[in-house]
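To start, the structure under review is shown below, and the notes come after it.
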Amino acid sequence: LVGEKEKPLAETQTTFGALGGSKNGAEFEMYGPYDESKKSGGLLAMCLPTGAPADSVAAILVVYSCREVRAPTFLDYVLGGCAINVVLAIDFTASNGDPRKPGTLHYIADPSVQNEYEVAIRTIVGTLLQYVTDDNIPVYGFGARLPPDWETSHCFPLTGDPASPHVEGIDGIMAAYKSALKNVQLYGPTNFSEILRTGASFTSGVVTQKDQRYTIMVVLTDGVITDMEQTIGEIVNASDLPFSVVIVGIGAEDFSGMDILDADDKKLKYGDRVAKRDIVQFVPYRQFRNDPILLAREVLEEVPTQLIGYFKSRSIRPNPPIVDDGSSMSRLTIG
């Protein structure tokens with residue numbers, strides 16, 4: 001194809017094998033696309049003699065060398081030893097309802113019934129744990145009043161220890177989550193900026209070809225963000241880091257405002273600064289809750305592309321696959 005995809009000047013078709021078929025160069029006849037207004041081919045075809053057919057040869061393409069370049073995949077980076085880390089944040093605002101009442105989003109009074117947050121944690125975080133290097137995950141809450149002074153906190157570790165916010169695996173997350181529900185007061189508002197800044201802080205350090213690391217933050221929330229402008233600022237700040245944010249909407253709230261953050265078509269802007277890349281994926285949990293496989297697929301829809309884009313921007317390619325030594329990598333499910 002010569003010219004633009006929408007307005008080609010001339011074009012031809014061939015196979016990859018034929019491109020390297022001759023040491024003297026492989027030659028291909030190119031034809032000008034038919035133009036109804038000119039009753040002839042494209043611009044190159046306009047150089048043909050008067051009266052030449054519209055499908056006349058407009059140019060000759062000569063290819064002297066070619067090579068196949070394989071685009072790296074998400075799994076190439078993971079299998080090459082890229083350390084994937086997960087940070088979890090849970091919404092503890094009052095809009096979730098009284099956790100003692102059946103049907104509310106944080107209901108935990110009946111151990112035989114899993115609330116929406118519990119199911120989302122097991123499905124979404126459980127999927128991401130297949131790719132992590134370490135099962136120890138920092139888990140935070142936001143939007144609750146904490147003892148003993150009962151002031152509102154927009155970022156608190158569920159362990160109760162700011163110096164040690166990590167828990168081990170899904171069971172550790174569930175234990176910390178239920179303990180927090182019994183010890184804090186659900187309040188509000190739904191502020192994201194501080195929790196995102198904390199998540200981005202786990203990306204500290206220089207990423208190199210040898211030392212590859214990437215952090216995925218999962219935010220489970222039921223409400224509309226009340227500090228949208230500050231949240232956009234934090235996302236713009238983090239857009240140059242090895243960092244992705246998956247926001248999962250819990251409940252039946254109108255989450256249309258989340259489309260602002262999931263900037264697939266237009267990069268976020270804060271003041272005079274523009275995001276380096278899109279790092280946010282929004283997933284409405286209830287649309288996929290009856291299909292765990294589809295939910296997991298939706299969660300991972302953009303993260304692989306975001307990870308690849310980050311490393312590509314720094315000319316960092318996947319390292320050779322590491323040999324399975326019985327570590328967490330042996331749990332990886334492909335396909």
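Following the order of the structure tokens, chains are lettered A, B, ..., residues in each are numbered from 1, and ligands are numbered from 1.
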Q. So which residues of range 51-143 of chain A fall under strand (DSSP E) by DSSP, listed as number ranges by chain?
A. A: 57-63, 83-91, 136-142
Would you output that residue set with C-alpha atoms, as a CSV table (one decimal), in the first residue's frame?
```csv
chain,number,residue,atom,x,y,z
A,57,VAL,CA,0.2,-0.8,-13.5
A,58,ALA,CA,0.8,2.5,-11.6
A,59,ALA,CA,4.2,1.6,-10.1
A,60,ILE,CA,6.7,-1.2,-9.4
A,61,LEU,CA,7.5,-2.1,-5.7
A,62,VAL,CA,10.9,-3.6,-5.2
A,63,VAL,CA,11.7,-5.2,-1.9
A,83,ALA,CA,7.3,-9.1,38.8
A,84,ILE,CA,3.6,-8.4,38.8
A,85,ASN,CA,2.4,-6.8,42.1
A,86,VAL,CA,-1.2,-6.3,43.2
A,87,VAL,CA,-2.6,-3.6,45.5
A,88,LEU,CA,-6.2,-3.8,46.7
A,89,ALA,CA,-8.5,-0.9,47.9
A,90,ILE,CA,-12.0,-1.4,49.2
A,91,ASP,CA,-14.8,1.2,49.6
A,136,ASN,CA,1.6,-10.8,50.0
A,137,ILE,CA,-0.7,-8.1,49.0
A,138,PRO,CA,-1.2,-4.6,50.5
A,139,VAL,CA,-4.9,-4.1,51.3
A,140,TYR,CA,-6.4,-0.7,52.0
A,141,GLY,CA,-9.8,0.8,52.8
A,142,PHE,CA,-11.2,4.3,52.2
```
Q: Name all residues at most 7 Å from range 105-119 of chain A (count only C-alpha atoms; drop same-chain ones fewer than 5 positions away) and give them as a PyMOL selection string.
A: chain A and resi 96-97+99-100+250-251
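Between CA of Arg314 in chain A and CA of Val207 in chain A the separation is 9.2 Å.
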Q: Taking the chain letters and numbering used in this document, name the residues of range 21-252 of chain A that DSSP puts in alpha helix (DSSP H), as a ChimeraX atom specification.
A: /A:74-79,116-120,126-128,169-183,193-200,228-238
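If you look at CA of Met258 in chain A and CA of Ile173 in chain A, they are 25.5 Å away from each other.
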Q. What is the distance, in Å and to one decimal place, between CA of Tyr285 in chain A and CA of Leu129 in chain A?
A. 18.6 Å
Q | Close residues, Met217 in chain A itself excluded, 12 Å, only C-alpha atoms, min 3 positions apart in chain, as a ChimeraX atom specification | A | /A:84-90,124-125,128,137-140,195-203,214,220,235,238,242-248,279-282,299,303
**Q.** Test item: residues at most 8 Å from Lys269 in chain A, only C-alpha atoms, excluding those fewer than 3 positions along its chain, as a PyMOL selection string
**A.** chain A and resi 232-233+236+272-275
Write a file of the selected residues as a CSV table (one decimal), in the first residue's frame, keeping N, CA and C atoms.
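As written to disk, result.csv reads:
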```csv
chain,number,residue,atom,x,y,z
A,232,ILE,N,-8.2,12.7,38.8
A,232,ILE,CA,-7.6,12.8,37.5
A,232,ILE,C,-6.2,13.2,37.6
A,233,GLY,N,-5.9,14.2,38.5
A,233,GLY,CA,-4.5,14.6,38.7
A,233,GLY,C,-3.6,13.5,39.1
A,236,VAL,N,-3.0,11.2,36.1
A,236,VAL,CA,-2.0,11.8,35.2
A,236,VAL,C,-0.6,11.7,35.7
A,272,ASP,N,-2.2,21.8,32.7
A,272,ASP,CA,-1.5,21.8,31.4
A,272,ASP,C,-0.8,20.5,31.2
A,273,ARG,N,-1.0,19.5,32.0
A,273,ARG,CA,-0.4,18.2,31.9
A,273,ARG,C,-1.3,17.2,31.3
A,274,VAL,N,-0.8,16.4,30.4
A,274,VAL,CA,-1.6,15.4,29.7
A,274,VAL,C,-1.0,14.0,30.1
A,275,ALA,N,-1.9,13.0,30.3
A,275,ALA,CA,-1.5,11.7,30.7
A,275,ALA,C,-0.6,11.1,29.6
```
